[in-house]
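**Q** So I've got this file, input26.pdb, and it contains PDB, C-alpha atoms, pLDDT in the B column:
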ATOM      1  CA  PRO A   1     -35.521  21.830  58.061  1.00 46.00           C
ATOM      2  CA  ARG A   2     -38.450  24.081  58.733  1.00 49.00           C
ATOM      3  CA  VAL A   3     -38.354  27.522  57.154  1.00 50.00           C
ATOM      4  CA  ALA A   4     -40.691  29.941  58.951  1.00 55.00           C
ATOM      5  CA  LYS A   5     -41.653  32.109  55.952  1.00 64.00           C
ATOM      6  CA  GLY A   6     -40.305  30.822  52.697  1.00 73.00           C
ATOM      7  CA  ARG A   7     -39.615  27.656  50.777  1.00 78.00           C
ATOM      8  CA  ILE A   8     -36.938  25.000  50.565  1.00 82.00           C
ATOM      9  CA  LYS A   9     -35.797  22.688  47.785  1.00 84.00           C
ATOM     10  CA  ASN A  10     -33.420  19.719  47.957  1.00 85.00           C
ATOM     11  CA  LEU A  11     -30.995  20.039  45.027  1.00 88.00           C
ATOM     12  CA  GLY A  12     -29.303  16.745  45.792  1.00 90.00           C
ATOM     13  CA  PRO A  13     -25.647  15.825  46.305  1.00 95.00           C
ATOM     14  CA  VAL A  14     -24.096  18.577  44.206  1.00 94.00           C
ATOM     15  CA  ASP A  15     -21.155  20.904  44.804  1.00 93.00           C
ATOM     16  CA  LEU A  16     -22.251  24.036  46.678  1.00 92.00           C
ATOM     17  CA  ASP A  17     -20.471  26.322  44.208  1.00 90.00           C
ATOM     18  CA  SER A  18     -22.107  24.597  41.219  1.00 90.00           C
ATOM     19  CA  VAL A  19     -25.482  26.171  42.072  1.00 89.00           C
ATOM     20  CA  SER A  20     -25.388  29.442  40.164  1.00 89.00           C
ATOM     21  CA  GLU A  21     -29.135  30.115  40.049  1.00 87.00           C
ATOM     22  CA  VAL A  22     -32.224  28.934  41.897  1.00 81.00           C
ATOM     23  CA  THR A  23     -34.818  27.841  39.345  1.00 77.00           C
ATOM     24  CA  ASP A  24     -37.964  25.715  39.056  1.00 68.00           C
ATOM     25  CA  LEU A  25     -39.751  27.518  41.875  1.00 63.00           C
ATOM     26  CA  HIS A  26     -43.024  25.626  41.370  1.00 62.00           C
ATOM     27  CA  ALA A  27     -41.326  22.428  42.610  1.00 66.00           C
ATOM     28  CA  TRP A  28     -40.383  23.907  45.996  1.00 62.00           C
ATOM     29  CA  ASN A  29     -41.741  22.686  49.326  1.00 63.00           C
ATOM     30  CA  SER A  30     -43.818  25.052  51.425  1.00 56.00           C
ATOM     31  CA  PRO A  31     -42.599  26.040  54.900  1.00 53.00           C
ATOM     32  CA  ALA A  32     -45.158  23.701  56.461  1.00 47.00           C
ATOM     33  CA  PHE A  33     -43.444  20.738  54.815  1.00 52.00           C
ATOM     34  CA  ILE A  34     -40.639  19.263  56.879  1.00 56.00           C
ATOM     35  CA  THR A  35     -38.001  17.653  54.737  1.00 60.00           C
ATOM     36  CA  GLN A  36     -35.568  15.080  56.051  1.00 74.00           C
ATOM     37  CA  VAL A  37     -32.111  16.634  55.979  1.00 80.00           C
ATOM     38  CA  GLN A  38     -29.533  14.613  54.081  1.00 87.00           C
ATOM     39  CA  VAL A  39     -25.849  15.129  54.812  1.00 93.00           C
ATOM     40  CA  GLY A  40     -23.966  16.025  51.638  1.00 95.00           C
ATOM     41  CA  HIS A  41     -27.028  17.501  49.928  1.00 93.00           C
ATOM     42  CA  VAL A  42     -27.412  21.117  48.882  1.00 93.00           C
ATOM     43  CA  TYR A  43     -30.668  22.934  49.606  1.00 89.00           C
ATOM     44  CA  ALA A  44     -31.952  26.128  48.031  1.00 88.00           C
ATOM     45  CA  VAL A  45     -33.814  28.245  50.577  1.00 85.00           C
ATOM     46  CA  GLU A  46     -36.093  31.213  50.025  1.00 83.00           C
ATOM     47  CA  ILE A  47     -36.551  33.174  53.237  1.00 81.00           C
ATOM     48  CA  ALA A  48     -38.787  36.037  54.311  1.00 76.00           C
ATOM     49  CA  GLY A  49     -38.235  39.208  52.360  1.00 77.00           C
ATOM     50  CA  GLY A  50     -37.526  37.383  49.102  1.00 78.00           C
ATOM     51  CA  PHE A  51     -33.903  36.553  49.862  1.00 85.00           C
ATOM     52  CA  TYR A  52     -32.209  33.303  48.890  1.00 88.00           C
ATOM     53  CA  ALA A  53     -29.483  31.055  50.218  1.00 89.00           C
ATOM     54  CA  ARG A  54     -27.869  27.808  49.190  1.00 91.00           C
ATOM     55  CA  ILE A  55     -26.918  25.445  52.005  1.00 92.00           C
ATOM     56  CA  LEU A  56     -24.661  22.373  52.025  1.00 95.00           C
ATOM     57  CA  VAL A  57     -25.508  20.132  54.997  1.00 93.00           C
ATOM     58  CA  THR A  58     -22.228  18.882  56.484  1.00 96.00           C
ATOM     59  CA  GLY A  59     -23.652  17.092  59.518  1.00 94.00           C
ATOM     60  CA  ALA A  60     -26.991  16.248  61.140  1.00 87.00           C
ATOM     61  CA  VAL A  61     -28.176  14.609  64.358  1.00 87.00           C
ATOM     62  CA  ARG A  62     -31.846  13.784  64.721  1.00 81.00           C
ATOM     63  CA  ARG A  63     -33.475  13.869  68.162  1.00 81.00           C
ATOM     64  CA  GLY A  64     -36.975  12.514  67.974  1.00 77.00           C
ATOM     65  CA  PHE A  65     -39.377  13.326  65.163  1.00 71.00           C
ATOM     66  CA  THR A  66     -39.200  17.112  65.057  1.00 71.00           C
ATOM     67  CA  SER A  67     -35.915  18.167  66.614  1.00 76.00           C
ATOM     68  CA  GLY A  68     -32.205  17.842  66.082  1.00 80.00           C
ATOM     69  CA  THR A  69     -29.162  19.797  65.050  1.00 86.00           C
ATOM     70  CA  MET A  70     -27.286  20.264  61.825  1.00 87.00           C
ATOM     71  CA  SER A  71     -24.115  21.894  60.624  1.00 93.00           C
ATOM     72  CA  PHE A  72     -23.822  23.480  57.223  1.00 94.00           C
ATOM     73  CA  ASP A  73     -21.933  25.744  54.866  1.00 95.00           C
ATOM     74  CA  TYR A  74     -23.972  28.408  53.130  1.00 92.00           C
ATOM     75  CA  VAL A  75     -23.992  31.250  50.642  1.00 91.00           C
ATOM     76  CA  PHE A  76     -26.537  34.031  51.194  1.00 89.00           C
ATOM     77  CA  GLN A  77     -27.750  36.139  48.267  1.00 87.00           C
ATOM     78  CA  ALA A  78     -28.539  39.515  49.824  1.00 81.00           C
ATOM     79  CA  ASN A  79     -29.554  41.330  46.622  1.00 83.00           C
ATOM     80  CA  GLY A  80     -32.900  39.522  46.344  1.00 80.00           C
ATOM     81  CA  THR A  81     -32.192  37.757  43.046  1.00 83.00           C
ATOM     82  CA  ARG A  82     -32.052  34.006  42.527  1.00 85.00           C
ATOM     83  CA  ASN A  83     -28.695  34.342  40.783  1.00 87.00           C
ATOM     84  CA  PHE A  84     -25.569  33.211  42.647  1.00 83.00           C
ATOM     85  CA  ALA A  85     -23.168  33.561  39.723  1.00 74.00           C
ATOM     86  CA  ARG A  86     -19.938  35.273  40.621  1.00 68.00           C
ATOM     87  CA  PRO A  87     -19.167  38.370  38.594  1.00 59.00           C
ATOM     88  CA  SER A  88     -16.428  37.934  35.998  1.00 55.00           C
ATOM     89  CA  SER A  89     -13.241  39.804  36.675  1.00 53.00           C
TER      90      SER A  89
END
Using structure tokens, write down the structure from this file.

**A**
Amino acid sequence: PRVAKGRIKNLGPVDLDSVSEVTDLHAWNSPAFITQVQVGHVYAVEIAGGFYARILVTGAVRRGFTSGTMSFDYVFQANGTRNFARPSS
């Protein structure tokens, strides 16, 4: 996926809810880098404005070298932190 203003990192085939914090920012790909989407992998995404999301790719169809479609589940962290931990009740 191409992220217009931000970074993306492939976290591998992990459970979406197991990602409680986005770390190791120096190992992220720049937005100019196009990564090959892998179904079943979770990606950490930093978008414009310093917000973060975690995305589980559930399906992908490639059309040529630079286009295609994908389906995904995601969790968006709107408070600007890299922490996705759920508050204890």

**Q** List the residues selected by the PyMOL selection byres ((chain A and resi 54) around 6) in the file shown, writing them as a count of residues only.

**A** 6

**Q** Under the rule that only C-alpha atoms are counted, which of A:Met70, A:Ala78, A:Ile8, A:Val22 is the nearest residue to A:Gln38?

**A**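 Of A:Met70, A:Ala78, A:Ile8, A:Val22, the one nearest A:Gln38, counting only C-alpha atoms, is A:Met70.
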
**Q** Mind giving me the straight-line distance from atom CA of A:Thr69 to atom CA of A:Phe51 in Å, one decimal?

**A** 23.1 Å

**Q** Measuring atom to atom with all atoms listed in the file, identify which of A:Tyr52, A:Ser18, A:Phe65, A:Ala60 is nearest to A:Gly6.

**A**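 Between A:Tyr52, A:Ser18, A:Phe65, A:Ala60, the residue approaching A:Gly6 most closely is A:Tyr52.
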
**Q** Once the PyMOL selection byres ((chain A and resi 14) around 10) has been applied to the shown file, what residues remain in the selection, as a count of residues only?

**A** 13

**Q** Of the candidates A:Asp73, A:Val45, A:Val37, A:Glu21, which shows the shortest atom-to-atom distance to A:Ala85, using only C-alpha atoms?

**A**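 Among the listed residues, the smallest separation from A:Ala85 belongs to A:Glu21.
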
**Q** Which is closest to A:Gly50 among A:Thr66, A:Gly80, A:Ser20, A:Gln36, if we use only C-alpha atoms?

**A**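 Of the candidates, the smallest distance to A:Gly50 is held by A:Gly80.
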
**Q** One number please: atom CA of A:Ser71 to atom CA of A:Lys9, in Å, one decimal.

**A**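 Separating atom CA of A:Ser71 from atom CA of A:Lys9 is a distance of 17.4 Å.
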
**Q** Mind giving me the straight-line distance from atom CA of A:Arg7 to atom CA of A:Ile47 in Å, one decimal?

**A**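 Taking atom CA of A:Arg7 as the start and atom CA of A:Ile47 as the end point, the length is 6.8 Å.
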